[in-house]
$ cat run.pdb   # PDB, C-alpha atoms
MODEL        1
ATOM      1  CA  MET A   1      73.899   1.926  45.021
ATOM      2  CA  ASN A   2      71.298  -0.727  45.242
ATOM      3  CA  THR A   3      70.641  -2.410  41.863
ATOM      4  CA  THR A   4      66.905  -2.410  42.424
ATOM      5  CA  ILE A   5      66.855   1.347  42.920
ATOM      6  CA  GLN A   6      69.122   1.890  39.934
ATOM      7  CA  HIS A   7      66.926  -0.396  37.826
ATOM      8  CA  LYS A   8      63.828   1.643  38.802
ATOM      9  CA  ARG A   9      65.600   4.887  37.942
ATOM     10  CA  THR A  10      66.610   3.529  34.553
ATOM     11  CA  LEU A  11      63.038   2.439  33.787
ATOM     12  CA  ALA A  12      61.709   5.821  34.859
ATOM     13  CA  ALA A  13      64.244   7.613  32.664
ATOM     14  CA  LEU A  14      63.396   5.389  29.683
ATOM     15  CA  ALA A  15      59.671   6.005  30.210
ATOM     16  CA  PHE A  16      60.320   9.754  30.335
ATOM     17  CA  ILE A  17      62.371   9.593  27.121
ATOM     18  CA  ALA A  18      59.723   7.416  25.406
ATOM     19  CA  ALA A  19      57.005   9.857  26.380
ATOM     20  CA  GLY A  20      59.055  12.699  25.018
ATOM     21  CA  LEU A  21      59.633  10.898  21.746
ATOM     22  CA  GLY A  22      56.002   9.984  21.426
ATOM     23  CA  LEU A  23      56.540   6.251  21.734
ATOM     24  CA  GLY A  24      53.518   4.508  23.218
ATOM     25  CA  VAL A  25      51.519   7.733  23.336
ATOM     26  CA  PRO A  26      49.811   9.099  20.223
ATOM     27  CA  ALA A  27      51.382  12.256  18.956
ATOM     28  CA  HIS A  28      48.123  13.364  17.293
ATOM     29  CA  ALA A  29      44.507  12.475  17.950
ATOM     30  CA  ALA A  30      41.760  12.649  15.321
ATOM     31  CA  GLN A  31      38.048  12.718  15.819
ATOM     32  CA  ALA A  32      35.104  12.835  13.420
ATOM     33  CA  THR A  33      31.364  13.046  13.923
ATOM     34  CA  ALA A  34      28.706  11.565  11.673
ATOM     35  CA  THR A  35      25.141  12.707  12.013
ATOM     36  CA  ALA A  36      22.285  10.296  12.399
ATOM     37  CA  GLY A  37      18.814  11.192  11.290
ATOM     38  CA  GLY A  38      15.632  10.163   9.609
ATOM     39  CA  THR A  39      12.483  11.695   8.202
ATOM     40  CA  VAL A  40       8.984  10.867   9.351
ATOM     41  CA  VAL A  41       6.663  10.869   6.352
ATOM     42  CA  THR A  42       2.904  11.103   6.120
ATOM     43  CA  PRO A  43       1.419   7.613   6.531
ATOM     44  CA  ILE A  44      -0.294   6.244   3.439
ATOM     45  CA  ALA A  45      -4.065   5.901   3.792
ATOM     46  CA  ILE A  46      -6.940   4.700   1.622
ATOM     47  CA  THR A  47     -10.602   5.585   2.048
ATOM     48  CA  PRO A  48     -13.608   4.247   0.115
ATOM     49  CA  THR A  49     -15.648   7.228  -1.093
ATOM     50  CA  ILE A  50     -18.024   5.591  -3.606
ATOM     51  CA  GLN A  51     -19.353   2.008  -3.580
ATOM     52  CA  LEU A  52     -19.489  -0.344  -6.585
ATOM     53  CA  ALA A  53     -23.165  -0.534  -7.607
ATOM     54  CA  PHE A  54     -24.662  -2.616 -10.432
ATOM     55  CA  GLY A  55     -28.176  -1.149 -10.157
ATOM     56  CA  ASN A  56     -31.438  -3.040 -10.727
ATOM     57  CA  PHE A  57     -31.842  -5.803 -13.304
ATOM     58  CA  ALA A  58     -34.018  -8.800 -14.196
ATOM     59  CA  ALA A  59     -32.359 -12.158 -14.796
ATOM     60  CA  ALA A  60     -34.783 -14.419 -16.664
ATOM     61  CA  VAL A  61     -32.168 -15.825 -19.057
ATOM     62  CA  GLY A  62     -28.974 -14.971 -17.174
ATOM     63  CA  GLY A  63     -25.962 -13.105 -18.521
ATOM     64  CA  THR A  64     -23.561 -10.419 -17.358
ATOM     65  CA  ILE A  65     -23.619  -6.858 -16.129
ATOM     66  CA  THR A  66     -20.452  -4.798 -16.396
ATOM     67  CA  VAL A  67     -19.836  -1.511 -14.631
ATOM     68  CA  SER A  68     -16.742   0.200 -16.035
ATOM     69  CA  THR A  69     -14.264   2.202 -13.946
ATOM     70  CA  SER A  70     -16.183   5.340 -14.971
ATOM     71  CA  GLY A  71     -19.481   3.834 -13.719
ATOM     72  CA  ALA A  72     -21.002   3.128 -17.154
ATOM     73  CA  ARG A  73     -23.119  -0.030 -17.236
ATOM     74  CA  SER A  74     -23.483  -2.528 -20.070
ATOM     75  CA  VAL A  75     -25.637  -5.668 -19.980
ATOM     76  CA  SER A  76     -25.666  -8.926 -21.891
ATOM     77  CA  GLY A  77     -28.536 -11.391 -21.548
ATOM     78  CA  VAL A  78     -30.131  -9.624 -18.591
ATOM     79  CA  VAL A  79     -32.512  -6.700 -18.585
ATOM     80  CA  GLY A  80     -31.127  -3.522 -17.053
ATOM     81  CA  MET A  81     -33.846  -1.601 -15.291
ATOM     82  CA  SER A  82     -34.161   1.941 -14.060
ATOM     83  CA  GLY A  83     -33.510   2.573 -10.420
ATOM     84  CA  PRO A  84     -30.429   3.425  -8.450
ATOM     85  CA  ALA A  85     -27.516   4.725 -10.505
ATOM     86  CA  THR A  86     -24.623   2.449 -11.313
ATOM     87  CA  THR A  87     -21.245   3.528  -9.982
ATOM     88  CA  ALA A  88     -17.686   2.300  -9.974
ATOM     89  CA  ALA A  89     -16.075   2.100  -6.564
ATOM     90  CA  ARG A  90     -13.658   4.932  -5.828
ATOM     91  CA  PHE A  91     -10.949   4.817  -3.205
ATOM     92  CA  ASP A  92      -9.076   8.020  -2.320
ATOM     93  CA  ILE A  93      -5.420   7.483  -1.457
ATOM     94  CA  THR A  94      -3.411  10.027   0.548
ATOM     95  CA  GLY A  95       0.167  10.146   1.749
ATOM     96  CA  GLU A  96       3.600  11.633   1.156
ATOM     97  CA  PRO A  97       3.592  13.782  -2.026
ATOM     98  CA  GLY A  98       5.368  12.168  -4.991
ATOM     99  CA  SER A  99       5.734   8.774  -3.280
ATOM    100  CA  THR A 100       5.170   5.517  -5.119
ATOM    101  CA  TYR A 101       3.074   2.695  -3.721
ATOM    102  CA  THR A 102       1.725  -0.758  -4.541
ATOM    103  CA  ILE A 103      -1.925  -1.799  -4.685
ATOM    104  CA  THR A 104      -3.249  -5.207  -3.693
ATOM    105  CA  HIS A 105      -6.843  -6.198  -4.473
ATOM    106  CA  SER A 106      -8.860  -8.724  -2.487
ATOM    107  CA  GLY A 107     -12.335  -9.245  -1.141
ATOM    108  CA  SER A 108     -15.262 -11.268  -2.335
ATOM    109  CA  ALA A 109     -15.156 -12.867  -5.743
ATOM    110  CA  VAL A 110     -18.894 -13.361  -5.256
ATOM    111  CA  LEU A 111     -21.895 -11.346  -4.187
ATOM    112  CA  THR A 112     -24.227 -13.190  -1.804
ATOM    113  CA  ASN A 113     -27.999 -12.727  -1.433
ATOM    114  CA  THR A 114     -28.254 -10.968   1.947
ATOM    115  CA  GLY A 115     -31.801 -12.204   2.590
ATOM    116  CA  GLY A 116     -31.626 -15.517   0.799
ATOM    117  CA  ALA A 117     -30.350 -19.016   1.326
ATOM    118  CA  GLY A 118     -26.760 -18.390   0.253
ATOM    119  CA  GLU A 119     -27.361 -17.685  -3.460
ATOM    120  CA  THR A 120     -24.377 -16.038  -5.132
ATOM    121  CA  MET A 121     -23.228 -14.290  -8.287
ATOM    122  CA  ALA A 122     -19.585 -14.322  -9.435
ATOM    123  CA  LEU A 123     -17.785 -10.968  -9.518
ATOM    124  CA  ALA A 124     -14.712 -10.270 -11.666
ATOM    125  CA  LYS A 125     -13.081  -6.978 -10.572
ATOM    126  CA  PHE A 126     -10.850  -4.610 -12.544
ATOM    127  CA  SER A 127      -9.380  -1.214 -11.715
ATOM    128  CA  ASP A 128      -7.499   1.831 -12.960
ATOM    129  CA  LEU A 129      -6.219   5.163 -11.660
ATOM    130  CA  THR A 130      -8.077   7.348 -14.154
ATOM    131  CA  GLY A 131     -11.747   6.367 -14.054
ATOM    132  CA  ALA A 132     -11.579   6.348 -17.855
ATOM    133  CA  ASP A 133     -14.148   3.639 -18.595
ATOM    134  CA  GLY A 134     -11.824   0.628 -18.161
ATOM    135  CA  THR A 135     -13.333  -2.867 -18.254
ATOM    136  CA  SER A 136     -10.282  -5.063 -17.672
ATOM    137  CA  GLY A 137      -6.912  -5.175 -15.916
ATOM    138  CA  GLU A 138      -5.839  -4.118 -12.454
ATOM    139  CA  ALA A 139      -3.902  -1.099 -11.266
ATOM    140  CA  THR A 140      -1.041  -2.522  -9.173
ATOM    141  CA  SER A 141       0.957   0.624  -8.410
ATOM    142  CA  GLY A 142       0.679   4.373  -8.376
ATOM    143  CA  THR A 143       2.418   7.649  -7.587
ATOM    144  CA  LEU A 144       0.875  10.236  -5.296
ATOM    145  CA  SER A 145       0.473  13.728  -6.754
ATOM    146  CA  ALA A 146       2.372  16.802  -5.577
ATOM    147  CA  GLY A 147      -0.560  17.281  -3.198
ATOM    148  CA  GLY A 148      -0.174  13.716  -1.859
ATOM    149  CA  THR A 149      -3.388  12.292  -3.372
ATOM    150  CA  GLN A 150      -4.597   9.838  -6.018
ATOM    151  CA  SER A 151      -7.827   7.929  -6.666
ATOM    152  CA  LEU A 152      -8.335   4.259  -7.520
ATOM    153  CA  TYR A 153     -11.441   3.280  -9.510
ATOM    154  CA  VAL A 154     -12.800  -0.282  -9.339
ATOM    155  CA  GLY A 155     -15.406  -1.722 -11.691
ATOM    156  CA  GLY A 156     -16.535  -5.266 -12.262
ATOM    157  CA  THR A 157     -18.436  -7.805 -14.276
ATOM    158  CA  LEU A 158     -21.203  -9.663 -12.466
ATOM    159  CA  THR A 159     -22.246 -13.069 -13.821
ATOM    160  CA  VAL A 160     -25.968 -13.632 -13.334
ATOM    161  CA  ALA A 161     -27.517 -17.109 -13.559
ATOM    162  CA  ALA A 162     -30.736 -17.801 -15.457
ATOM    163  CA  ASN A 163     -33.627 -17.280 -13.037
ATOM    164  CA  GLN A 164     -31.272 -15.848 -10.382
ATOM    165  CA  VAL A 165     -33.122 -15.691  -7.059
ATOM    166  CA  PRO A 166     -34.336 -12.109  -6.512
ATOM    167  CA  GLY A 167     -32.817 -10.177  -3.617
ATOM    168  CA  VAL A 168     -30.147  -7.723  -2.556
ATOM    169  CA  TYR A 169     -26.690  -9.181  -3.216
ATOM    170  CA  ALA A 170     -23.567  -7.831  -1.510
ATOM    171  CA  GLY A 171     -19.865  -8.557  -1.073
ATOM    172  CA  ASN A 172     -16.647  -6.701  -0.310
ATOM    173  CA  VAL A 173     -14.239  -5.002  -2.653
ATOM    174  CA  ILE A 174     -10.965  -4.441  -0.783
ATOM    175  CA  ALA A 175      -7.944  -2.465  -1.931
ATOM    176  CA  THR A 176      -4.752  -2.249   0.130
ATOM    177  CA  VAL A 177      -1.947   0.243  -0.502
ATOM    178  CA  GLU A 178       1.634   0.198   0.748
ATOM    179  CA  TYR A 179       4.617   2.484   0.125
ATOM    180  CA  ASN A 180       7.378   1.018  -2.044
TER     181      ASN A 180
ENDMDL
END

$ encode --input "run.pdb" --output "structure tokens"
Amino acid sequence: MNTTIQHKRTLAALAFIAAGLGLGVPAHAAQATATAGGTVVTPIAITPTIQLAFGNFAAAVGGTITVSTSGARSVSGVVGMSGPATTAARFDITGEPGSTYTITHSGSAVLTNTGGAGETMALAKFSDLTGADGTSGEATSGTLSAGGTQSLYVGGTLTVAANQVPGVYAGNVIATVEYN
């Protein structure tokens, strides 16, 4: 018999035996499946619902006007006058119930005379999540209620110069929220 043919037969027989013994071919196969998923949550949003208003005042000697986070006004050195009501700013925050978030405050640190020649008054802002008459500090985080809501109250102290130029002064109070 030809050695090449016999050699091929021997290799074929060895391959058959190896397959039968499980050599080179797995005897058992295992498979597992992991699930992949995610949850889309309600986006966080913030809406201004009340504006920060200091009301009317006369500034012959200069001083300060403070509007607390509840909207109560106190004056020092200036004359508070009747007119439009004073109010703290209120921002309503909505999102995923029970979620925590951070608050960043920015915006004007001054109010500028809208009809003047660039006259300004310095504004120091403060905030809380209760509207409980706060006059210092800043709320920097919060937790949305079971209904997915919370309010942020912003007050401020306005520094008025002696003989401040009369006019309507305005600036921006900006609050930004972001999920943790």

$ resolve_selection --input "run.pdb" --expression "the PyMOL selection byres ((chain A and resi 128-140) around 7)" --output "number ranges by chain"
A: 68-70, 102-104, 126-127, 141, 151-155

$ write_last_selection --input "run.pdb" --atoms "C-alpha atoms" --output "short mmCIF file (atom, residue, chain, number, x, y, z; two decimals), in the frame of the given file"
data_model
loop_
_atom_site.label_atom_id
_atom_site.label_comp_id
_atom_site.auth_asym_id
_atom_site.auth_seq_id
_atom_site.Cartn_x
_atom_site.Cartn_y
_atom_site.Cartn_z
CA SER A 68 -16.74 0.20 -16.04
CA THR A 69 -14.26 2.20 -13.95
CA SER A 70 -16.18 5.34 -14.97
CA THR A 102 1.72 -0.76 -4.54
CA ILE A 103 -1.92 -1.80 -4.68
CA THR A 104 -3.25 -5.21 -3.69
CA PHE A 126 -10.85 -4.61 -12.54
CA SER A 127 -9.38 -1.21 -11.72
CA SER A 141 0.96 0.62 -8.41
CA SER A 151 -7.83 7.93 -6.67
CA LEU A 152 -8.34 4.26 -7.52
CA TYR A 153 -11.44 3.28 -9.51
CA VAL A 154 -12.80 -0.28 -9.34
CA GLY A 155 -15.41 -1.72 -11.69
#

$ residues_near_point --input "run.pdb" --point "(5.3, 17.6, 6.6)" --cutoff "12 Å" --atoms "all atoms listed in the file" --output "PyMOL selection string"
chain A and resi 39-43+95-97+147-148

$ closest_atom_pairs --input "run.pdb" --of "stretch 102-177 of chain A" --to "stretch 57-67 of chain A" --cutoff "8 Å" --atoms "all atoms listed in the file" --output "Markdown table"
| residue | atom | partner | partner_atom | distance |
| --- | --- | --- | --- | --- |
| A:Thr135 | CA | A:Val67 | CA | 7.6 |
| A:Gly155 | CA | A:Val67 | CA | 5.3 |
| A:Gly156 | CA | A:Val67 | CA | 5.5 |
| A:Thr157 | CA | A:Thr66 | CA | 4.2 |
| A:Leu158 | CA | A:Ile65 | CA | 5.2 |
| A:Thr159 | CA | A:Thr64 | CA | 4.6 |
| A:Val160 | CA | A:Gly62 | CA | 5.1 |
| A:Ala161 | CA | A:Gly62 | CA | 4.4 |
| A:Ala162 | CA | A:Gly62 | CA | 3.7 |
| A:Asn163 | CA | A:Ala60 | CA | 4.8 |
| A:Gln164 | CA | A:Ala59 | CA | 5.9 |

$ closest_residue --input "run.pdb" --among "A:Thr114, A:Thr47, A:Thr35, A:Ser108" --to "A:Ala89" --atoms "all atoms listed in the file"
A:Thr47

$ atom_distance --input "run.pdb" --atom1 "atom CA of A:Gly107" --atom2 "atom CA of A:Val165"
22.6 Å

$ closest_residue --input "run.pdb" --among "A:Val79, A:Ala124, A:Leu144, A:Ala117" --to "A:Thr94" --atoms "all atoms listed in the file"
A:Leu144

$ resolve_selection --input "run.pdb" --expression "the PyMOL selection byres ((chain A and resi 109-113) around 7)" --output "ChimeraX atom specification"
/A:107-108,114-116,118-124,167-171

$ atom_distance --input "run.pdb" --atom1 "atom CA of A:Lys125" --atom2 "atom CA of A:Gln150"
19.4 Å

$ atom_distance --input "run.pdb" --atom1 "atom CA of A:Ile93" --atom2 "atom CA of A:Val177"
8.1 Å

$ closest_residue --input "run.pdb" --among "A:Thr100, A:Ser74, A:Thr176, A:Thr143" --to "A:Ile46" --atoms "all atoms listed in the file"
A:Thr176

$ axis_aligned_box --input "run.pdb" --around "stretch 69-85 of chain A" --padding-each-side "8 Å" --output "lines of an AutoDock Vina configuration file"
center_x = -24.2
center_y = -3.0
center_z = -15.2
size_x = 35.9
size_y = 32.7
size_z = 29.4

$ closest_residue --input "run.pdb" --among "A:Ser99, A:Asn56, A:Ser82, A:Ala30" --to "A:Ala146" --atoms "all atoms listed in the file"
A:Ser99

$ resolve_selection --input "run.pdb" --expression "the PyMOL selection byres ((chain A and resi 105) around 6)" --output "PDB file with C-alpha atoms, in the coordinates of the input"
ATOM      1  CA  THR A 104      -3.249  -5.207  -3.693  1.00  0.00           C
ATOM      2  CA  SER A 106      -8.860  -8.724  -2.487  1.00  0.00           C
ATOM      3  CA  ILE A 174     -10.965  -4.441  -0.783  1.00  0.00           C
ATOM      4  CA  ALA A 175      -7.944  -2.465  -1.931  1.00  0.00           C
TER       5      ALA A 175
END

$ closest_residue --input "run.pdb" --among "A:Ile50, A:Val75, A:Ala88, A:Ala45" --to "A:Thr149" --atoms "only C-alpha atoms"
A:Ala45

$ closest_residue --input "run.pdb" --among "A:Gly55, A:Gly71, A:Thr49, A:Glu178" --to "A:Arg90" --atoms "only C-alpha atoms"
A:Thr49
